[in-house]
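As provided, input37.cif (mmCIF, C-alpha atoms) reads as follows.
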data_model
#
loop_
_atom_site.group_PDB
_atom_site.id
_atom_site.type_symbol
_atom_site.label_atom_id
_atom_site.label_comp_id
_atom_site.auth_asym_id
_atom_site.auth_seq_id
_atom_site.Cartn_x
_atom_site.Cartn_y
_atom_site.Cartn_z
ATOM 1 C CA MET E 1 109.083 118.944 78.666
ATOM 2 C CA ASN E 2 105.890 117.160 77.673
ATOM 3 C CA ASN E 3 105.247 115.203 80.881
ATOM 4 C CA PHE E 4 102.016 113.322 81.503
ATOM 5 C CA LEU E 5 100.415 111.999 84.673
ATOM 6 C CA VAL E 6 97.902 109.238 83.956
ATOM 7 C CA ILE E 7 95.992 108.377 87.117
ATOM 8 C CA THR E 8 92.967 106.296 88.041
ATOM 9 C CA GLY E 9 90.481 107.520 90.614
ATOM 10 C CA GLY E 10 91.550 111.146 90.437
ATOM 11 C CA SER E 11 88.221 112.758 91.289
ATOM 12 C CA ARG E 12 88.808 112.954 95.052
ATOM 13 C CA GLY E 13 91.135 112.104 97.914
ATOM 14 C CA ILE E 14 94.724 111.110 97.181
ATOM 15 C CA GLY E 15 94.018 111.056 93.452
ATOM 16 C CA GLU E 16 92.756 114.620 93.284
ATOM 17 C CA LYS E 17 95.607 115.961 95.427
ATOM 18 C CA THR E 18 98.122 114.076 93.281
ATOM 19 C CA ILE E 19 96.725 115.667 90.137
ATOM 20 C CA ALA E 20 96.907 119.097 91.768
ATOM 21 C CA TYR E 21 100.551 118.592 92.734
ATOM 22 C CA PHE E 22 101.634 117.340 89.301
ATOM 23 C CA LEU E 23 99.803 120.208 87.587
ATOM 24 C CA GLN E 24 101.595 122.636 89.908
ATOM 25 C CA GLU E 25 104.875 121.136 88.757
ATOM 26 C CA GLY E 26 104.035 121.685 85.089
ATOM 27 C CA TRP E 27 102.780 118.210 84.157
ATOM 28 C CA LYS E 28 99.678 117.459 82.099
ATOM 29 C CA ALA E 29 97.115 115.228 83.805
ATOM 30 C CA ILE E 30 94.754 112.566 82.460
ATOM 31 C CA ASN E 31 92.244 111.190 84.946
ATOM 32 C CA LEU E 32 90.536 107.839 84.412
ATOM 33 C CA SER E 33 87.438 107.438 86.576
ATOM 34 C CA ARG E 34 83.657 107.277 86.598
ATOM 35 C CA THR E 35 83.430 110.787 88.080
ATOM 36 C CA PRO E 36 85.452 113.617 86.490
ATOM 37 C CA CYS E 37 88.065 115.532 88.436
ATOM 38 C CA GLN E 38 86.897 119.134 88.841
ATOM 39 C CA LEU E 39 90.349 120.714 88.874
ATOM 40 C CA PRO E 40 90.986 123.061 85.914
ATOM 41 C CA GLY E 41 93.254 121.731 83.213
ATOM 42 C CA VAL E 42 92.537 118.033 83.783
ATOM 43 C CA ASP E 43 91.790 115.788 80.809
ATOM 44 C CA ASN E 44 89.063 113.424 82.042
ATOM 45 C CA ILE E 45 88.344 110.081 80.417
ATOM 46 C CA GLN E 46 85.215 108.511 81.860
ATOM 47 C CA VAL E 47 85.585 104.790 82.519
ATOM 48 C CA ASP E 48 84.263 102.264 85.009
ATOM 49 C CA LEU E 49 87.163 100.047 86.074
ATOM 50 C CA LEU E 50 84.683 97.331 87.044
ATOM 51 C CA GLU E 51 83.881 96.910 83.345
ATOM 52 C CA PRO E 52 86.703 95.338 81.255
ATOM 53 C CA GLU E 53 84.985 96.316 78.013
ATOM 54 C CA GLN E 54 84.991 99.985 78.991
ATOM 55 C CA ILE E 55 88.707 99.878 79.751
ATOM 56 C CA GLU E 56 89.481 98.344 76.377
ATOM 57 C CA GLU E 57 87.320 100.923 74.613
ATOM 58 C CA ILE E 58 89.528 103.824 75.762
ATOM 59 C CA THR E 59 92.748 102.306 74.367
ATOM 60 C CA SER E 60 93.013 104.349 71.169
ATOM 61 C CA THR E 61 91.855 107.551 72.885
ATOM 62 C CA LEU E 62 94.392 107.271 75.681
ATOM 63 C CA GLN E 63 97.294 106.238 73.449
ATOM 64 C CA SER E 64 96.524 109.101 71.080
ATOM 65 C CA LYS E 65 96.625 111.637 73.936
ATOM 66 C CA LEU E 66 100.020 110.304 75.043
ATOM 67 C CA LYS E 67 101.727 110.538 71.655
ATOM 68 C CA GLY E 68 104.852 112.637 71.829
ATOM 69 C CA ALA E 69 105.142 112.445 75.622
ATOM 70 C CA ASP E 70 108.633 112.918 77.051
ATOM 71 C CA ASN E 71 107.716 111.221 80.320
ATOM 72 C CA ILE E 72 104.669 109.324 81.563
ATOM 73 C CA ALA E 73 103.840 108.540 85.173
ATOM 74 C CA LEU E 74 101.072 105.933 85.328
ATOM 75 C CA VAL E 75 99.593 105.938 88.838
ATOM 76 C CA HIS E 76 97.232 103.125 89.812
ATOM 77 C CA ASN E 77 95.294 104.901 92.531
ATOM 78 C CA ALA E 78 91.678 103.738 92.197
ATOM 79 C CA ALA E 79 90.531 101.269 94.838
ATOM 80 C CA PHE E 80 87.472 99.143 95.539
ATOM 81 C CA TYR E 81 86.759 98.386 99.201
ATOM 82 C CA LYS E 82 83.939 96.492 100.866
ATOM 83 C CA ARG E 83 84.022 95.177 104.410
ATOM 84 C CA ASP E 84 84.027 91.374 104.522
ATOM 85 C CA THR E 85 85.559 88.435 106.371
ATOM 86 C CA ILE E 86 87.311 85.355 105.052
ATOM 87 C CA ASP E 87 84.677 82.981 106.466
ATOM 88 C CA ALA E 88 81.813 84.792 104.726
ATOM 89 C CA LEU E 89 83.408 86.317 101.647
ATOM 90 C CA PRO E 90 81.042 86.599 98.649
ATOM 91 C CA ILE E 91 82.950 85.417 95.587
ATOM 92 C CA ALA E 92 81.326 88.113 93.446
ATOM 93 C CA GLN E 93 82.621 90.769 95.837
ATOM 94 C CA LEU E 94 86.115 89.283 95.751
ATOM 95 C CA GLN E 95 86.010 89.333 91.952
ATOM 96 C CA GLN E 96 84.949 92.986 91.916
ATOM 97 C CA THR E 97 87.737 93.918 94.317
ATOM 98 C CA LEU E 98 90.359 92.097 92.275
ATOM 99 C CA MET E 99 88.998 93.599 89.060
ATOM 100 C CA VAL E 100 89.460 97.206 90.163
ATOM 101 C CA ASN E 101 92.535 96.819 92.367
ATOM 102 C CA VAL E 102 94.547 94.333 90.279
ATOM 103 C CA VAL E 103 93.137 93.353 86.876
ATOM 104 C CA ALA E 104 92.358 96.911 85.748
ATOM 105 C CA ALA E 105 95.913 97.934 86.623
ATOM 106 C CA ILE E 106 97.335 95.122 84.499
ATOM 107 C CA THR E 107 95.047 96.037 81.599
ATOM 108 C CA LEU E 108 96.088 99.689 81.762
ATOM 109 C CA ASN E 109 99.755 98.690 81.943
ATOM 110 C CA GLN E 110 99.408 96.778 78.699
ATOM 111 C CA MET E 111 97.702 99.799 77.171
ATOM 112 C CA VAL E 112 100.203 102.451 78.266
ATOM 113 C CA ILE E 113 103.576 100.644 78.314
ATOM 114 C CA PRO E 114 103.819 100.525 74.476
ATOM 115 C CA VAL E 115 103.780 104.360 74.339
ATOM 116 C CA MET E 116 105.975 104.981 77.394
ATOM 117 C CA PRO E 117 109.276 106.736 76.663
ATOM 118 C CA PRO E 118 112.425 105.930 78.674
ATOM 119 C CA LYS E 119 112.456 107.188 82.284
ATOM 120 C CA SER E 120 108.693 106.788 82.619
ATOM 121 C CA SER E 121 107.228 105.155 85.727
ATOM 122 C CA ILE E 122 104.419 102.906 86.903
ATOM 123 C CA ILE E 123 103.395 103.669 90.469
ATOM 124 C CA TYR E 124 101.015 101.462 92.411
ATOM 125 C CA ILE E 125 99.145 102.859 95.396
ATOM 126 C CA GLY E 126 98.735 100.256 98.090
ATOM 127 C CA THR E 127 98.016 100.559 101.782
ATOM 128 C CA THR E 128 99.329 99.351 105.109
ATOM 129 C CA LEU E 129 97.152 96.297 104.386
ATOM 130 C CA ALA E 130 99.458 95.354 101.518
ATOM 131 C CA GLU E 131 101.819 94.019 104.175
ATOM 132 C CA LYS E 132 99.537 93.074 107.069
ATOM 133 C CA ALA E 133 95.849 92.554 107.846
ATOM 134 C CA VAL E 134 93.082 93.729 110.142
ATOM 135 C CA PRO E 135 89.726 92.048 110.800
ATOM 136 C CA GLY E 136 86.917 92.699 108.363
ATOM 137 C CA SER E 137 88.956 93.573 105.267
ATOM 138 C CA ALA E 138 89.565 90.187 103.668
ATOM 139 C CA SER E 139 89.073 90.885 99.938
ATOM 140 C CA TYR E 140 90.785 94.270 100.101
ATOM 141 C CA THR E 141 93.771 92.813 101.961
ATOM 142 C CA VAL E 142 94.073 89.968 99.450
ATOM 143 C CA SER E 143 94.008 92.414 96.535
ATOM 144 C CA LYS E 144 96.599 94.745 98.045
ATOM 145 C CA HIS E 145 98.941 91.859 98.844
ATOM 146 C CA ALA E 146 98.599 90.922 95.164
ATOM 147 C CA ILE E 147 99.691 94.449 94.209
ATOM 148 C CA VAL E 148 103.032 93.843 95.948
ATOM 149 C CA GLY E 149 103.688 90.926 93.607
ATOM 150 C CA LEU E 150 102.428 92.883 90.612
ATOM 151 C CA MET E 151 104.830 95.736 91.309
ATOM 152 C CA LYS E 152 107.776 93.361 91.697
ATOM 153 C CA ALA E 153 106.848 91.556 88.479
ATOM 154 C CA THR E 154 106.552 94.908 86.692
ATOM 155 C CA CYS E 155 110.040 95.883 87.793
ATOM 156 C CA GLN E 156 111.598 92.620 86.654
ATOM 157 C CA ASP E 157 109.714 92.222 83.382
ATOM 158 C CA LEU E 158 110.549 95.774 82.269
ATOM 159 C CA ALA E 159 114.245 95.454 83.093
ATOM 160 C CA GLY E 160 116.368 97.158 80.451
ATOM 161 C CA ARG E 161 113.511 99.307 79.137
ATOM 162 C CA GLN E 162 114.109 102.259 81.494
ATOM 163 C CA ILE E 163 110.560 102.117 82.847
ATOM 164 C CA ARG E 164 110.545 102.163 86.634
ATOM 165 C CA SER E 165 108.013 100.838 89.106
ATOM 166 C CA CYS E 166 107.293 101.151 92.809
ATOM 167 C CA LEU E 167 104.565 100.718 95.408
ATOM 168 C CA VAL E 168 103.514 103.503 97.768
ATOM 169 C CA ASN E 169 101.782 102.176 100.883
ATOM 170 C CA PRO E 170 100.001 105.046 102.653
ATOM 171 C CA GLY E 171 98.981 104.744 106.261
ATOM 172 C CA LEU E 172 95.784 106.270 107.647
ATOM 173 C CA VAL E 173 94.936 109.026 105.179
ATOM 174 C CA ASP E 174 92.160 111.537 105.801
ATOM 175 C CA THR E 175 89.894 110.555 102.891
ATOM 176 C CA GLN E 176 86.216 109.822 102.423
ATOM 177 C CA LEU E 177 87.088 106.172 101.780
ATOM 178 C CA LEU E 178 88.569 105.885 105.266
ATOM 179 C CA LYS E 179 85.546 107.560 106.833
ATOM 180 C CA ASP E 180 83.133 105.333 104.917
ATOM 181 C CA THR E 181 84.826 102.019 105.622
ATOM 182 C CA MET E 182 86.672 102.018 108.949
ATOM 183 C CA ASP E 183 84.931 101.700 112.287
ATOM 184 C CA LYS E 184 86.033 103.852 115.222
ATOM 185 C CA GLU E 185 87.492 100.929 117.193
ATOM 186 C CA THR E 186 89.774 99.794 114.374
ATOM 187 C CA LEU E 187 90.809 103.365 113.587
ATOM 188 C CA THR E 188 91.734 104.020 117.218
ATOM 189 C CA PHE E 189 93.736 100.785 117.366
ATOM 190 C CA LEU E 190 95.681 101.642 114.215
ATOM 191 C CA LEU E 191 96.340 105.235 115.281
ATOM 192 C CA ASP E 192 97.826 103.881 118.497
ATOM 193 C CA THR E 193 100.394 101.898 116.467
ATOM 194 C CA GLN E 194 101.790 105.009 114.758
ATOM 195 C CA VAL E 195 105.250 106.110 115.860
ATOM 196 C CA ILE E 196 104.849 109.798 114.999
ATOM 197 C CA GLY E 197 101.619 111.303 116.278
ATOM 198 C CA LYS E 198 98.115 109.922 116.574
ATOM 199 C CA ARG E 199 96.869 111.798 113.511
ATOM 200 C CA LEU E 200 95.537 111.130 110.056
ATOM 201 C CA ILE E 201 97.837 111.767 107.112
ATOM 202 C CA ALA E 202 96.801 114.529 104.707
ATOM 203 C CA PRO E 203 96.248 113.421 101.077
ATOM 204 C CA GLU E 204 98.648 116.191 100.026
ATOM 205 C CA GLU E 205 101.446 114.438 101.918
ATOM 206 C CA ILE E 206 100.953 111.267 99.886
ATOM 207 C CA ALA E 207 100.785 113.298 96.657
ATOM 208 C CA LYS E 208 104.288 114.614 97.362
ATOM 209 C CA VAL E 209 105.555 111.059 97.908
ATOM 210 C CA ILE E 210 104.053 109.948 94.592
ATOM 211 C CA TYR E 211 105.690 112.855 92.773
ATOM 212 C CA PHE E 212 109.029 112.047 94.401
ATOM 213 C CA CYS E 213 108.751 108.462 93.146
ATOM 214 C CA ALA E 214 107.841 109.625 89.640
ATOM 215 C CA THR E 215 110.822 111.959 89.383
ATOM 216 C CA ASN E 216 113.651 109.993 91.007
ATOM 217 C CA GLU E 217 115.352 107.352 88.898
ATOM 218 C CA VAL E 218 116.767 105.454 91.880
ATOM 219 C CA ILE E 219 113.251 104.490 93.016
ATOM 220 C CA ASN E 220 112.617 101.184 91.246
ATOM 221 C CA GLY E 221 111.208 97.955 92.632
ATOM 222 C CA SER E 222 110.731 99.761 95.942
ATOM 223 C CA ILE E 223 107.993 99.552 98.562
ATOM 224 C CA ILE E 224 107.601 103.004 100.103
ATOM 225 C CA ARG E 225 105.866 103.068 103.479
ATOM 226 C CA ALA E 226 104.232 106.461 103.875
ATOM 227 C CA ASN E 227 102.610 105.766 107.226
ATOM 228 C CA LEU E 228 104.405 107.825 109.922
ATOM 229 C CA GLY E 229 106.063 104.624 111.115
ATOM 230 C CA GLN E 230 104.335 101.827 112.989
ATOM 231 C CA VAL E 231 105.201 100.238 116.315
ATOM 232 C CA SER E 232 104.755 96.770 114.831
ATOM 233 C CA ASP E 233 107.509 97.494 112.286
#
Could you write out this file's structure as C-alpha coordinates?
Amino acid sequence: MNNFLVITGGSRGIGEKTIAYFLQEGWKAINLSRTPCQLPGVDNIQVDLLEPEQIEEITSTLQSKLKGADNIALVHNAAFYKRDTIDALPIAQLQQTLMVNVVAAITLNQMVIPVMPPKSSIIYIGTTLAEKAVPGSASYTVSKHAIVGLMKATCQDLAGRQIRSCLVNPGLVDTQLLKDTMDKETLTFLLDTQVIGKRLIAPEEIAKVIYFCATNEVINGSIIRANLGQVSD
(Lines of atoms letter the chains of each structure in order from A and count residues from 1; the text may use other names and numbers.)
(Lines give C-alpha, C1' and ligand atoms only; values in the text may rest on other atoms or scores of the structure.)
Protein backbone atom coordinates (compact mmCIF):
# COMPACT_ATOMS: atom_id res chain seq x y z
CA MET A 1 0.00 0.00 0.00
CA ASN A 2 1.15 3.51 -0.86
CA ASN A 3 0.14 5.30 2.35
CA PHE A 4 1.19 8.86 3.10
CA LEU A 5 1.31 10.85 6.32
CA VAL A 6 1.29 14.60 5.69
CA ILE A 7 1.95 16.46 8.93
CA THR A 8 2.70 20.02 9.97
CA GLY A 9 5.23 20.77 12.68
CA GLY A 10 6.94 17.39 12.50
CA SER A 11 10.43 18.47 13.53
CA ARG A 12 9.96 17.84 17.27
CA GLY A 13 7.56 16.80 20.00
CA ILE A 14 4.30 15.09 19.08
CA GLY A 15 4.94 15.70 15.39
CA GLU A 16 8.30 13.96 15.33
CA LYS A 17 7.04 10.99 17.35
CA THR A 18 4.02 10.70 15.06
CA ILE A 19 6.26 10.56 12.01
CA ALA A 20 8.40 7.90 13.68
CA TYR A 21 5.35 5.75 14.46
CA PHE A 22 3.86 6.01 10.96
CA LEU A 23 7.23 5.20 9.38
CA GLN A 24 7.48 2.15 11.64
CA GLU A 25 4.11 1.04 10.31
CA GLY A 26 5.27 1.29 6.70
CA TRP A 27 3.85 4.71 5.78
CA LYS A 28 5.69 7.42 3.86
CA ALA A 29 5.96 10.76 5.66
CA ILE A 30 5.92 14.35 4.40
CA ASN A 31 6.70 17.01 6.98
CA LEU A 32 5.68 20.64 6.49
CA SER A 33 7.57 23.00 8.79
CA ARG A 34 10.22 25.69 8.99
CA THR A 35 12.72 23.25 10.53
CA PRO A 36 13.25 19.84 8.89
CA CYS A 37 12.56 16.61 10.73
CA GLN A 38 15.85 14.77 11.24
CA LEU A 39 14.41 11.26 11.13
CA PRO A 40 15.68 9.18 8.17
CA GLY A 41 13.24 8.66 5.35
CA VAL A 42 11.21 11.84 5.90
CA ASP A 43 10.36 14.06 2.93
CA ASN A 44 10.68 17.62 4.27
CA ILE A 45 8.99 20.59 2.63
CA GLN A 46 10.14 23.84 4.20
CA VAL A 47 7.30 26.29 4.79
CA ASP A 48 6.43 28.98 7.31
CA LEU A 49 2.75 28.59 8.20
CA LEU A 50 2.66 32.25 9.26
CA GLU A 51 3.12 33.19 5.59
CA PRO A 52 0.08 32.46 3.35
CA GLU A 53 2.15 32.99 0.21
CA GLN A 54 4.61 30.29 1.23
CA ILE A 55 1.79 27.81 1.81
CA GLU A 56 0.33 28.48 -1.62
CA GLU A 57 3.75 28.11 -3.24
CA ILE A 58 4.06 24.46 -2.16
CA THR A 59 0.74 23.40 -3.73
CA SER A 60 2.09 21.80 -6.91
CA THR A 61 5.04 20.22 -5.09
CA LEU A 62 2.88 18.62 -2.43
CA GLN A 63 0.15 17.45 -4.81
CA SER A 64 2.78 15.94 -7.10
CA LYS A 65 4.31 13.95 -4.22
CA LEU A 66 0.87 12.58 -3.30
CA LYS A 67 -0.06 11.32 -6.76
CA GLY A 68 -0.92 7.65 -6.71
CA ALA A 69 -1.43 7.51 -2.94
CA ASP A 70 -3.71 4.75 -1.67
CA ASN A 71 -4.35 6.54 1.61
CA ILE A 72 -3.48 9.97 2.98
CA ALA A 73 -3.57 11.03 6.61
CA LEU A 74 -3.34 14.82 6.87
CA VAL A 75 -2.41 15.74 10.44
CA HIS A 76 -2.66 19.39 11.49
CA ASN A 77 -0.15 19.35 14.32
CA ALA A 78 1.70 22.67 14.15
CA ALA A 79 0.74 25.20 16.81
CA PHE A 80 1.49 28.82 17.63
CA TYR A 81 1.33 29.78 21.31
CA LYS A 82 2.01 33.05 23.08
CA ARG A 83 0.90 33.87 26.60
CA ASP A 84 -1.71 36.64 26.66
CA THR A 85 -4.92 37.70 28.40
CA ILE A 86 -8.24 38.78 26.95
CA ASP A 87 -8.00 42.28 28.46
CA ALA A 88 -4.60 42.96 26.88
CA LEU A 89 -4.58 40.82 23.75
CA PRO A 90 -2.53 42.30 20.88
CA ILE A 91 -4.59 41.94 17.71
CA ALA A 92 -1.47 41.12 15.69
CA GLN A 93 -0.71 38.24 18.05
CA LEU A 94 -4.27 36.95 17.77
CA GLN A 95 -3.99 37.07 13.98
CA GLN A 96 -0.72 35.13 14.05
CA THR A 97 -2.22 32.49 16.33
CA LEU A 98 -5.29 32.08 14.13
CA MET A 99 -3.12 31.98 11.01
CA VAL A 100 -1.05 29.01 12.14
CA ASN A 101 -3.65 27.14 14.19
CA VAL A 102 -6.72 27.63 11.97
CA VAL A 103 -6.21 29.39 8.62
CA ALA A 104 -3.17 27.35 7.58
CA ALA A 105 -5.10 24.15 8.30
CA ILE A 106 -7.96 25.28 6.07
CA THR A 107 -5.54 26.25 3.30
CA LEU A 108 -3.81 22.86 3.46
CA ASN A 109 -7.17 21.09 3.45
CA GLN A 110 -8.08 22.79 0.20
CA MET A 111 -4.71 21.79 -1.20
CA VAL A 112 -4.77 18.12 -0.19
CA ILE A 113 -8.46 17.13 -0.33
CA PRO A 114 -8.55 17.14 -4.18
CA VAL A 115 -5.90 14.37 -4.26
CA MET A 116 -7.21 12.35 -1.31
CA PRO A 117 -8.39 8.83 -2.18
CA PRO A 118 -11.32 7.22 -0.33
CA LYS A 119 -10.65 6.20 3.29
CA SER A 120 -8.19 9.05 3.80
CA SER A 121 -8.38 11.17 6.95
CA ILE A 122 -7.92 14.71 8.23
CA ILE A 123 -6.81 14.77 11.86
CA TYR A 124 -6.67 17.96 13.88
CA ILE A 125 -4.48 18.15 16.97
CA GLY A 126 -6.08 20.26 19.65
CA THR A 127 -5.51 20.45 23.37
CA THR A 128 -7.45 20.36 26.62
CA LEU A 129 -7.91 24.09 25.96
CA ALA A 130 -10.11 23.27 22.97
CA GLU A 131 -12.86 22.57 25.49
CA LYS A 132 -11.97 24.75 28.48
CA ALA A 133 -9.67 27.63 29.43
CA VAL A 134 -6.95 28.61 31.87
CA PRO A 135 -5.68 32.11 32.67
CA GLY A 136 -3.08 33.61 30.38
CA SER A 137 -3.83 31.65 27.20
CA ALA A 138 -6.52 33.75 25.53
CA SER A 139 -5.52 33.66 21.83
CA TYR A 140 -4.46 30.02 21.96
CA THR A 141 -7.72 29.00 23.65
CA VAL A 142 -9.77 30.93 21.09
CA SER A 143 -7.92 29.25 18.22
CA LYS A 144 -8.29 25.75 19.63
CA HIS A 145 -12.00 26.24 20.28
CA ALA A 146 -12.23 27.24 16.60
CA ILE A 147 -10.57 23.94 15.65
CA VAL A 148 -13.50 22.06 17.21
CA GLY A 149 -15.86 23.80 14.80
CA LEU A 150 -13.48 23.30 11.90
CA MET A 151 -13.31 19.56 12.52
CA LYS A 152 -17.10 19.28 12.73
CA ALA A 153 -17.51 21.30 9.54
CA THR A 154 -14.93 19.10 7.81
CA CYS A 155 -16.85 15.98 8.76
CA GLN A 156 -20.16 17.33 7.50
CA ASP A 157 -18.92 18.98 4.32
CA LEU A 158 -17.05 15.84 3.21
CA ALA A 159 -20.00 13.53 3.85
CA GLY A 160 -20.27 10.90 1.13
CA ARG A 161 -16.66 11.31 -0.01
CA GLN A 162 -15.18 8.69 2.35
CA ILE A 163 -12.75 11.19 3.88
CA ARG A 164 -12.88 11.07 7.66
CA SER A 165 -12.05 13.71 10.23
CA CYS A 166 -11.48 13.89 13.97
CA LEU A 167 -9.90 16.01 16.69
CA VAL A 168 -7.33 14.64 19.14
CA ASN A 169 -7.12 16.72 22.32
CA PRO A 170 -3.94 15.79 24.21
CA GLY A 171 -3.56 16.63 27.86
CA LEU A 172 -0.25 17.66 29.42
CA VAL A 173 2.36 16.29 27.03
CA ASP A 174 6.07 16.33 27.82
CA THR A 175 7.18 18.66 25.01
CA GLN A 176 9.39 21.72 24.71
CA LEU A 177 6.29 23.81 23.98
CA LEU A 178 4.86 22.92 27.38
CA LYS A 179 8.13 23.73 29.12
CA ASP A 180 8.46 27.05 27.29
CA THR A 181 4.93 28.30 27.87
CA MET A 182 3.43 26.96 31.10
CA ASP A 183 4.34 28.30 34.51
CA LYS A 184 4.87 25.91 37.42
CA GLU A 185 1.72 27.00 39.28
CA THR A 186 -0.59 26.34 36.34
CA LEU A 187 1.13 23.04 35.55
CA THR A 188 0.74 21.85 39.14
CA PHE A 189 -2.93 22.84 39.15
CA LEU A 190 -3.63 20.96 35.92
CA LEU A 191 -1.70 17.86 37.00
CA ASP A 192 -3.85 17.76 40.12
CA THR A 193 -6.99 17.51 37.94
CA GLN A 194 -5.81 14.32 36.21
CA VAL A 195 -7.63 11.13 37.16
CA ILE A 196 -4.78 8.73 36.37
CA GLY A 197 -1.45 9.80 37.82
CA LYS A 198 0.15 13.20 38.27
CA ARG A 199 2.47 12.75 35.30
CA LEU A 200 3.14 14.23 31.90
CA ILE A 201 2.03 12.26 28.86
CA ALA A 202 4.78 11.00 26.54
CA PRO A 203 4.59 12.28 22.93
CA GLU A 204 4.78 8.64 21.80
CA GLU A 205 1.46 7.97 23.53
CA ILE A 206 -0.26 10.66 21.48
CA ALA A 207 1.39 9.37 18.29
CA LYS A 208 -0.29 6.00 18.85
CA VAL A 209 -3.67 7.72 19.28
CA ILE A 210 -3.19 9.64 16.03
CA TYR A 211 -2.31 6.44 14.17
CA PHE A 212 -5.37 4.71 15.62
CA CYS A 213 -7.56 7.55 14.34
CA ALA A 214 -5.95 7.40 10.89
CA THR A 215 -6.52 3.67 10.53
CA ASN A 216 -9.99 3.13 11.98
CA GLU A 217 -12.94 3.95 9.76
CA VAL A 218 -15.40 4.30 12.64
CA ILE A 219 -13.55 7.38 13.93
CA ASN A 220 -15.26 10.27 12.15
CA GLY A 221 -16.50 13.56 13.56
CA SER A 222 -15.07 12.49 16.91
CA ILE A 223 -13.33 14.45 19.66
CA ILE A 224 -10.76 12.16 21.27
CA ARG A 225 -9.60 13.22 24.72
CA ALA A 226 -6.11 11.84 25.24
CA ASN A 227 -5.55 13.38 28.66
CA LEU A 228 -5.58 10.59 31.29
CA GLY A 229 -9.02 11.77 32.36
CA GLN A 230 -9.76 14.95 34.28
CA VAL A 231 -11.62 15.44 37.54
CA SER A 232 -13.60 18.31 36.03
CA ASP A 233 -15.00 15.96 33.36
*Hey, what's within 7 Å of region 119-129 of chain E if we count all atoms listed in the file and toss same-chain stuff fewer than 2 positions away? As a PyMOL selection string, please?*
chain E and resi 71-77+116-117+131-133+141+144+151+162-171+214
Option closest in space to Asp157 (chain E), from E:Ile113, E:Val100, E:Ile224, E:Ile196 [counting only C-alpha atoms]: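 Residue with the minimum atom-to-atom distance to Asp157 (chain E): E:Ile113.
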message = Neighbouring residues of region 89-92 of chain E were defined as those with any atom within 10 Å, considering all atoms listed in the file; residues of the same chain fewer than 3 positions away were excluded. Please report them as a ChimeraX atom specification.
response = /E:83-86,95-98,136-139
Report the closest atom pair, with its distance in Å rounded to one decimal, for each residue of region 55-97 of chain E that has an atom no farther than 9 Å from region 32-51 of chain E; count only C-alpha atoms, sort by chain and then rising residue number, and write it as a tab-separated table.
residue	atom	partner	partner_atom	distance
E:Ile55	CA	E:Val47	CA	6.4
E:Glu57	CA	E:Val47	CA	9.0
E:Ile58	CA	E:Val47	CA	7.9
E:Thr61	CA	E:Ile45	CA	8.7
E:Leu62	CA	E:Ile45	CA	8.2
E:Ala78	CA	E:Ser33	CA	8.0
E:Gln96	CA	E:Leu50	CA	6.5
E:Thr97	CA	E:Leu50	CA	8.6
Take the residues just selected and output them with C-alpha atoms as a PDB file, in the coordinates of the input.
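File written: result16.pdb
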ATOM      1  CA  ILE E  55      88.707  99.878  79.751  1.00  0.00           C
ATOM      2  CA  GLU E  57      87.320 100.923  74.613  1.00  0.00           C
ATOM      3  CA  ILE E  58      89.528 103.824  75.762  1.00  0.00           C
ATOM      4  CA  THR E  61      91.855 107.551  72.885  1.00  0.00           C
ATOM      5  CA  LEU E  62      94.392 107.271  75.681  1.00  0.00           C
ATOM      6  CA  ALA E  78      91.678 103.738  92.197  1.00  0.00           C
ATOM      7  CA  GLN E  96      84.949  92.986  91.916  1.00  0.00           C
ATOM      8  CA  THR E  97      87.737  93.918  94.317  1.00  0.00           C
TER       9      THR E  97
END
Shell of 6 Å around Val195 (chain E), all atoms listed in the file, local chain residues under 3 positions omitted, as number ranges by chain:
E: 229-231
One residue among E:Asn216, E:Thr18, E:Ser143, E:Thr8 is nearest to Asn109 (chain E) when using only C-alpha atoms, and that residue is E:Thr8
With distances taken over all atoms listed in the file, the candidate from E:Ser64, E:Ile206, E:Ala146, E:Asp183 nearest Tyr21 (chain E) is E:Ile206
Taking the file as shown, find all residues satisfying the PyMOL selection byres ((chain E and resi 207) around 7) and write them as a tab-separated table (two decimals) with C-alpha atoms, in the frame of the given file.
chain	number	residue	atom	x	y	z
E	14	ILE	CA	94.72	111.11	97.18
E	17	LYS	CA	95.61	115.96	95.43
E	18	THR	CA	98.12	114.08	93.28
E	21	TYR	CA	100.55	118.59	92.73
E	203	PRO	CA	96.25	113.42	101.08
E	204	GLU	CA	98.65	116.19	100.03
E	205	GLU	CA	101.45	114.44	101.92
E	206	ILE	CA	100.95	111.27	99.89
E	208	LYS	CA	104.29	114.61	97.36
E	209	VAL	CA	105.56	111.06	97.91
E	210	ILE	CA	104.05	109.95	94.59
E	211	TYR	CA	105.69	112.86	92.77
